[in-house]
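K.L.:
Just one file: start.cif, with mmCIF, C-alpha atoms (C1' of nucleotides).
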data_work
loop_
_atom_site.label_atom_id
_atom_site.label_comp_id
_atom_site.auth_asym_id
_atom_site.auth_seq_id
_atom_site.Cartn_x
_atom_site.Cartn_y
_atom_site.Cartn_z
CA MET A 1 -11.62 45.29 -8.03
CA GLN A 2 -12.02 43.85 -4.57
CA LYS A 3 -11.62 40.11 -4.58
CA VAL A 4 -14.35 38.36 -2.63
CA VAL A 5 -13.51 34.86 -1.58
CA VAL A 6 -16.44 32.62 -0.77
CA LYS A 7 -14.74 29.34 -0.16
CA LYS A 8 -17.17 27.05 1.46
CA ILE A 9 -15.75 24.58 3.70
CA THR A 10 -16.47 22.28 6.52
CA ARG A 11 -13.13 21.88 8.21
CA CYS A 12 -11.56 25.24 7.70
CA SER A 13 -9.91 26.58 10.82
CA HIS A 14 -7.20 29.06 11.61
CA GLU A 15 -5.44 26.39 13.63
CA ASN A 16 -5.26 24.05 10.65
CA THR A 17 -4.04 26.87 8.47
CA HIS A 18 -1.38 27.77 10.99
CA GLU A 19 -0.13 24.20 11.41
CA LEU A 20 -0.05 23.55 7.67
CA MET A 21 2.00 26.69 7.16
CA ARG A 22 4.36 25.72 10.00
CA ILE A 23 4.95 22.42 8.24
CA PHE A 24 5.57 24.19 4.96
CA THR A 25 7.98 26.63 6.55
CA ALA A 26 9.92 23.85 8.25
CA LEU A 27 10.27 21.94 5.00
CA PHE A 28 11.12 25.04 2.98
CA THR A 29 13.76 26.02 5.51
CA ALA A 30 15.31 22.57 5.31
CA TYR A 31 15.22 22.08 1.54
CA GLY A 32 14.69 25.45 -0.12
CA PRO A 33 12.72 26.06 -3.32
CA GLN A 34 12.31 22.96 -5.48
CA GLY A 35 11.20 24.47 -8.77
CA TRP A 36 9.19 21.48 -9.87
CA TRP A 37 8.35 19.75 -12.19
CA PRO A 38 11.76 18.57 -13.48
CA ALA A 39 10.89 18.54 -17.18
CA GLN A 40 11.45 20.60 -20.32
CA THR A 41 7.91 20.57 -21.72
CA LYS A 42 4.34 20.11 -20.58
CA PHE A 43 4.15 16.83 -22.45
CA GLU A 44 7.23 15.62 -20.61
CA VAL A 45 5.49 16.44 -17.31
CA ILE A 46 2.54 14.29 -18.32
CA VAL A 47 4.76 11.41 -19.41
CA GLY A 48 6.69 11.62 -16.15
CA ALA A 49 3.51 11.72 -14.09
CA ILE A 50 2.37 8.42 -15.60
CA LEU A 51 5.79 6.78 -15.48
CA THR A 52 6.38 7.61 -11.81
CA GLN A 53 3.29 5.76 -10.60
CA ASN A 54 4.53 3.69 -7.64
CA THR A 55 8.03 4.03 -9.04
CA ASN A 56 11.35 5.55 -8.01
CA TRP A 57 12.04 8.77 -9.92
CA GLY A 58 15.55 7.65 -10.80
CA ASN A 59 14.11 4.84 -12.88
CA VAL A 60 11.72 7.28 -14.53
CA GLU A 61 14.67 9.48 -15.54
CA ARG A 62 16.23 6.55 -17.38
CA ALA A 63 13.02 5.95 -19.25
CA ILE A 64 12.66 9.65 -20.11
CA SER A 65 16.27 9.66 -21.27
CA ASN A 66 15.52 6.75 -23.61
CA LEU A 67 12.50 8.59 -24.98
CA ARG A 68 14.55 11.73 -25.53
CA SER A 69 17.31 9.84 -27.34
CA ALA A 70 14.69 8.21 -29.55
CA GLU A 71 13.21 11.67 -30.18
CA VAL A 72 9.73 10.59 -29.19
CA LEU A 73 9.00 13.14 -26.46
CA THR A 74 6.21 14.71 -28.50
CA PRO A 75 2.62 13.47 -28.80
CA GLU A 76 2.95 12.76 -32.54
CA ALA A 77 6.25 10.93 -32.35
CA MET A 78 5.19 8.83 -29.38
CA TRP A 79 1.87 7.99 -30.97
CA ALA A 80 3.70 6.73 -34.06
CA LEU A 81 5.34 3.99 -32.00
CA THR A 82 3.76 0.62 -31.47
CA GLN A 83 2.87 -0.24 -27.89
CA ASP A 84 5.71 -2.77 -27.80
CA GLN A 85 8.24 -0.23 -29.08
CA LEU A 86 7.12 2.25 -26.47
CA ALA A 87 7.21 -0.39 -23.74
CA GLU A 88 10.79 -1.26 -24.62
CA LEU A 89 11.91 2.37 -24.33
CA ILE A 90 10.29 2.85 -20.93
CA ARG A 91 11.41 -0.51 -19.55
CA PRO A 92 13.61 1.01 -16.79
CA ALA A 93 10.54 2.67 -15.25
CA GLY A 94 8.99 -0.70 -14.40
CA TYR A 95 5.43 -1.86 -15.15
CA PHE A 96 6.44 -1.02 -18.70
CA ASN A 97 3.58 -2.85 -20.41
CA VAL A 98 0.81 -1.21 -18.39
CA LYS A 99 2.50 2.18 -18.59
CA ALA A 100 2.96 1.94 -22.36
CA LYS A 101 -0.76 1.26 -22.58
CA ARG A 102 -1.56 4.17 -20.24
CA LEU A 103 0.58 6.59 -22.23
CA ARG A 104 -1.21 5.48 -25.37
CA ASN A 105 -4.58 5.86 -23.64
CA PHE A 106 -3.70 9.49 -22.94
CA LEU A 107 -2.46 10.07 -26.49
CA GLU A 108 -5.54 8.42 -27.95
CA TYR A 109 -7.75 10.72 -25.89
CA LEU A 110 -5.74 13.76 -26.95
CA PHE A 111 -5.79 12.92 -30.66
CA ASN A 112 -9.46 11.93 -30.64
CA ASN A 113 -10.63 15.05 -28.81
CA TYR A 114 -8.04 17.74 -29.51
CA GLY A 115 -6.21 16.63 -32.61
CA GLY A 116 -2.93 16.06 -30.81
CA GLY A 117 0.19 18.19 -31.14
CA GLU A 118 1.79 20.61 -28.70
CA THR A 119 -0.54 23.44 -29.67
CA ASN A 120 -3.61 21.37 -29.06
CA LEU A 121 -2.10 19.96 -25.91
CA THR A 122 -1.89 23.54 -24.69
CA SER A 123 -5.55 24.19 -25.46
CA PHE A 124 -6.43 20.93 -23.72
CA LEU A 125 -4.59 22.08 -20.58
CA LYS A 126 -6.08 25.56 -20.75
CA GLN A 127 -9.59 24.45 -19.78
CA ASP A 128 -11.01 25.28 -16.39
CA THR A 129 -9.72 23.10 -13.60
CA ALA A 130 -12.83 21.03 -12.86
CA ALA A 131 -13.48 20.16 -16.50
CA LEU A 132 -9.86 19.22 -17.13
CA ARG A 133 -9.72 17.05 -14.01
CA THR A 134 -12.85 15.19 -15.08
CA GLU A 135 -11.40 14.58 -18.53
CA LEU A 136 -8.08 13.37 -17.14
CA LEU A 137 -9.79 10.98 -14.73
CA SER A 138 -11.81 9.51 -17.59
CA ILE A 139 -8.60 8.20 -19.14
CA ASN A 140 -7.82 4.64 -18.08
CA GLY A 141 -4.58 4.68 -16.12
CA VAL A 142 -4.94 8.25 -14.88
CA GLY A 143 -6.03 8.28 -11.23
CA PRO A 144 -6.34 11.14 -8.73
CA GLU A 145 -2.66 11.72 -8.09
CA THR A 146 -1.63 11.53 -11.73
CA ALA A 147 -4.48 13.83 -12.75
CA ASP A 148 -3.66 16.36 -10.04
CA SER A 149 0.05 16.26 -10.88
CA ILE A 150 -0.82 17.11 -14.46
CA LEU A 151 -3.19 19.85 -13.29
CA LEU A 152 -0.61 21.42 -10.99
CA TYR A 153 2.64 20.94 -12.88
CA ALA A 154 1.59 20.91 -16.54
CA ALA A 155 -1.57 23.06 -16.51
CA ARG A 156 -0.34 25.19 -13.58
CA LYS A 157 -3.64 25.04 -11.75
CA ALA A 158 -3.90 25.60 -7.98
CA VAL A 159 -4.53 21.95 -7.11
CA PHE A 160 -2.90 20.16 -4.18
CA VAL A 161 -1.30 16.82 -5.04
CA VAL A 162 -1.59 14.07 -2.44
CA ASP A 163 0.75 11.09 -2.48
CA ALA A 164 1.89 8.25 -0.25
CA TYR A 165 4.33 10.50 1.60
CA THR A 166 1.60 13.04 2.28
CA LYS A 167 -0.52 10.36 3.87
CA ARG A 168 2.34 9.05 6.00
CA ILE A 169 3.23 12.50 7.25
CA LEU A 170 -0.38 13.40 8.03
CA THR A 171 -1.18 10.13 9.78
CA ARG A 172 2.08 9.83 11.72
CA HIS A 173 1.64 13.31 13.07
CA SER A 174 -2.01 12.63 13.88
CA PHE A 175 -3.35 15.20 11.48
CA ILE A 176 -5.72 12.69 9.99
CA GLY A 177 -6.95 9.13 10.53
CA GLU A 178 -5.40 6.02 8.98
CA ASP A 179 -8.55 5.53 6.96
CA ALA A 180 -8.40 8.95 5.32
CA GLY A 181 -8.91 8.85 1.58
CA TYR A 182 -7.40 10.97 -1.17
CA ALA A 183 -10.18 13.56 -1.26
CA GLU A 184 -10.14 14.06 2.49
CA MET A 185 -6.41 14.71 2.57
CA GLN A 186 -6.57 17.02 -0.42
CA ALA A 187 -9.38 18.98 1.24
CA LEU A 188 -7.32 19.42 4.39
CA PHE A 189 -4.83 21.45 2.40
CA MET A 190 -7.14 23.12 -0.07
CA ASP A 191 -9.79 24.10 2.46
CA ASN A 192 -7.28 25.65 4.81
CA LEU A 193 -4.85 27.33 2.42
CA GLU A 194 -5.46 30.03 -0.15
CA ASP A 195 -5.57 28.84 -3.75
CA ASP A 196 -1.95 29.43 -4.62
CA GLN A 197 -0.39 27.48 -7.43
CA ILE A 198 3.13 28.45 -6.39
CA LEU A 199 2.57 27.38 -2.79
CA PHE A 200 0.97 24.06 -3.77
CA ASN A 201 3.79 23.44 -6.23
CA GLU A 202 6.52 23.89 -3.65
CA TYR A 203 4.58 22.21 -0.85
CA HIS A 204 4.06 18.92 -2.65
CA ALA A 205 7.63 18.89 -3.95
CA LEU A 206 8.96 19.47 -0.44
CA ILE A 207 6.82 16.66 0.97
CA VAL A 208 8.28 14.31 -1.61
CA MET A 209 11.84 15.43 -0.86
CA THR A 210 11.52 14.92 2.88
CA GLY A 211 9.59 11.71 2.30
CA LYS A 212 12.42 10.26 0.25
CA ASP A 213 14.86 11.09 3.03
CA TYR A 214 12.88 10.19 6.14
CA CYS A 215 9.44 8.78 5.53
CA LYS A 216 9.98 5.18 4.46
CA THR A 217 7.18 2.70 5.04
CA LYS A 218 9.11 0.77 7.66
CA LYS A 219 10.06 3.88 9.55
CA PRO A 220 7.01 4.89 11.62
CA PHE A 221 8.51 8.11 12.93
CA CYS A 222 11.81 9.85 12.54
CA GLY A 223 12.97 12.65 14.81
CA GLU A 224 15.65 13.57 12.28
CA CYS A 225 13.02 14.72 9.84
CA PRO A 226 12.54 18.51 9.52
CA LEU A 227 9.11 18.06 11.12
CA GLY A 228 10.30 15.91 14.02
CA SER A 229 11.15 18.76 16.33
CA PHE A 230 7.71 20.17 16.83
CA LEU A 231 5.02 17.80 15.61
CA LYS A 232 3.51 15.12 17.75
CA ALA A 233 4.34 11.55 16.83
"C1'" DT B 1 19.28 -10.20 0.66
"C1'" DG B 2 14.71 -8.40 0.83
"C1'" DC B 3 12.45 -4.18 0.86
"C1'" DC B 4 11.15 -0.13 -1.29
"C1'" DA B 5 9.62 3.33 -4.86
"C1'" DG B 6 6.02 10.44 -6.27
"C1'" DG B 7 -0.51 4.39 -8.35
"C1'" DC B 8 -4.07 2.40 -10.68
"C1'" DC B 9 -7.10 -1.15 -12.45
"C1'" DG B 10 -10.15 -5.12 -12.39
"C1'" DG B 11 -12.35 -8.85 -10.23
"C1'" DG B 12 -14.14 -10.63 -6.13
"C1'" DT B 13 -16.66 -10.09 -1.81
"C1'" DA C 1 -18.16 0.33 -1.11
"C1'" DC C 2 -14.04 -1.81 0.15
"C1'" DC C 3 -10.23 -5.34 -0.47
"C1'" DC C 4 -6.60 -7.46 -2.84
"C1'" DG C 5 -3.46 -9.31 -6.42
"C1'" DG C 6 -1.05 -7.86 -10.37
"C1'" DC C 7 2.09 -5.02 -12.66
"C1'" DA C 8 8.49 -4.78 -12.91
"C1'" DT C 9 12.76 -2.31 -12.81
"C1'" DG C 10 16.91 -0.73 -10.22
"C1'" DG C 11 19.14 1.10 -5.75
"C1'" DC C 12 20.40 0.33 -1.25
#
What would the structure in this file look like if it were written as structure tokens?

P.N.:
Amino acid sequence: MQKVVVKKITRCSHENTHELMRIFTALFTAYGPQGWWPAQTKFEVIVGAILTQNTNWGNVERAISNLRSAEVLTPEAMWALTQDQLAELIRPAGYFNVKAKRLRNFLEYLFNNYGGGETNLTSFLKQDTAALRTELLSINGVGPETADSILLYAARKAVFVVDAYTKRILTRHSFIGEDAGYAEMQALFMDNLEDDQILFNEYHALIVMTGKDYCKTKKPFCGECPLGSFLKA
DNA sequence: TGCCAGGCCGGGT
DNA sequence: ACCCGGCATGGC
């Protein structure tokens, strides 16, 4: 059957599409396929998405390692912990009290509405994208980036994840204004690129990789970055 | 040493 | 509708 795409957009343009793909190609050439998310299960993706909020991934890995050693990387096992026990295990990830609460908020939602467990977690993630996003955002401690990370990397939906690096890259190369919000930046990608879960997966991962290397807050522009050679500063 | 990291919430304007 | 302080560890 012929696929008819009726994507309705305001700022869709071939030029935007072209530039966004040039950026992707430059990053992909520099770093290669990333194969995100670095996790063994969907639940581990969700846990990592919450733990990495404003936090270095290396610290998150320590926390995940603690959880794995304690054999609590399943919804049931984690839910059986007290908040203080959970907080102690995730201490290396920072903000451990708020994050323990946020993990429990997610688990509470899952058990109340889906009965918990890996099987029911799968059915939770299998919903259509808009409904799942709304449900995720209703959980206290799950904001736009965390929700979209779960949608893209756990539910494998074609959703573009925006983060601090994305904003820096877009603003420093004058793609978007300093005042641009999350939705505006997400629309720039999603309105100008085909819905492609694989592309969005690699694209976000590559932005993070180059961001870690070159896009620090105190570094307004870096010509060494894979994008430096052809994008305007 | 101080700055930074793959945000989000709640209270105050 | 913004704006801002709080949350916290570990690496460089």

K.L.:
Counting only C-alpha atoms (C1' of nucleotides), which residues have an atom no more than 9 Å from (-4.8, 0.4, -10.3) in the file's coordinates? Please list them as a PyMOL selection string.

P.N.:
(chain A and resi 141+143) or (chain B and resi 7-10)

K.L.:
Could I get the residues of chain A with an atom no further than 10 Å from an atom of chain C, each paired with its nearest atom pair and that distance in Å to one decimal, using only C-alpha atoms (C1' of nucleotides), sorted by chain and residue number, as JSON lines?

P.N.:
{"residue": "A:Thr55", "atom": "CA", "partner": "C:DT9", "partner_atom": "C1'", "distance": 8.8}
{"residue": "A:Asn56", "atom": "CA", "partner": "C:DG10", "partner_atom": "C1'", "distance": 8.7}
{"residue": "A:Gly58", "atom": "CA", "partner": "C:DG10", "partner_atom": "C1'", "distance": 8.5}
{"residue": "A:Asn59", "atom": "CA", "partner": "C:DG10", "partner_atom": "C1'", "distance": 6.8}
{"residue": "A:Val60", "atom": "CA", "partner": "C:DT9", "partner_atom": "C1'", "distance": 9.8}
{"residue": "A:Ile90", "atom": "CA", "partner": "C:DT9", "partner_atom": "C1'", "distance": 9.9}
{"residue": "A:Arg91", "atom": "CA", "partner": "C:DT9", "partner_atom": "C1'", "distance": 7.1}
{"residue": "A:Pro92", "atom": "CA", "partner": "C:DT9", "partner_atom": "C1'", "distance": 5.3}
{"residue": "A:Ala93", "atom": "CA", "partner": "C:DT9", "partner_atom": "C1'", "distance": 6.0}
{"residue": "A:Gly94", "atom": "CA", "partner": "C:DA8", "partner_atom": "C1'", "distance": 4.4}
{"residue": "A:Tyr95", "atom": "CA", "partner": "C:DA8", "partner_atom": "C1'", "distance": 4.8}
{"residue": "A:Phe96", "atom": "CA", "partner": "C:DA8", "partner_atom": "C1'", "distance": 7.2}
{"residue": "A:Asn97", "atom": "CA", "partner": "C:DC7", "partner_atom": "C1'", "distance": 8.2}
{"residue": "A:Val98", "atom": "CA", "partner": "C:DC7", "partner_atom": "C1'", "distance": 7.0}
{"residue": "A:Lys99", "atom": "CA", "partner": "C:DC7", "partner_atom": "C1'", "distance": 9.3}

K.L.:
Can you pull out the residues contacting A:Asn120? Cut-off 9 Å, using only C-alpha atoms (C1' of nucleotides), and skip same-chain residues under 5 positions away; I want them as a list in words.

P.N.:
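In the requested form, the answer reads Leu110, Phe111, Tyr114, Gly115 and Leu125 of chain A.
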
K.L.:
Return as a PyMOL selection string the set of residues that the PyMOL selection byres ((chain A) within 9 of (chain B)) yields on the displayed structure.

P.N.:
chain A and resi 49-50+52-57+140-146+163-165+205+208+216-217

K.L.:
Return as a list in words the set of residues that the PyMOL selection byres ((chain A and resi 21) around 12) yields on the displayed structure.

P.N.:
His14, Glu15, Asn16, Thr17, His18, Glu19, Leu20, Arg22, Ile23, Phe24, Thr25, Ala26, Leu27, Phe28, Thr29, Phe189, Asn192, Leu193, Glu194, Leu199, Phe200, Tyr203 and Leu227 of chain A

K.L.:
Draw an axis-aligned box tight on the listed atoms of stretch 5-11 of chain C, then pad every side by 3 Å and write out centre and edge lengths in Å to one decimal as AutoDock Vina command-line options.

P.N.:
--center_x 7.8 --center_y -4.1 --center_z -9.3 --size_x 28.6 --size_y 16.4 --size_z 13.2

K.L.:
Just the number, please: distance in Å from atom CA of A:Lys42 to atom CA of A:Leu107, one decimal.

P.N.:
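Atom-to-atom, atom CA of A:Lys42 and atom CA of A:Leu107 are spaced 13.5 Å apart.
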
K.L.:
Go ahead and compute the interatomic distance for atom CA of A:Lys157 and atom CA of A:Ile176, in Å to one decimal.

P.N.:
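Those two atoms sit 25.1 Å apart.
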
K.L.:
Here's the selection I'm unsure about, the PyMOL selection byres ((chain A and resi 135) around 12); applied to the file above, which residues does it give, as a list in words?

P.N.:
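Selected by the PyMOL selection byres ((chain A and resi 135) around 12) in this file: Phe106, Tyr109, Leu110, Asn113, Tyr114, Phe124, Leu125, Gln127, Asp128, Thr129, Ala130, Ala131, Leu132, Arg133, Thr134, Leu136, Leu137, Ser138, Ile139, Asn140, Val142, Gly143, Pro144, Ala147, Asp148, Ile150 and Leu151 of chain A.
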
K.L.:
In Å, with one decimal, what is the gap from atom CA of A:Arg104 to atom CA of A:Met78?

P.N.:
8.3 Å
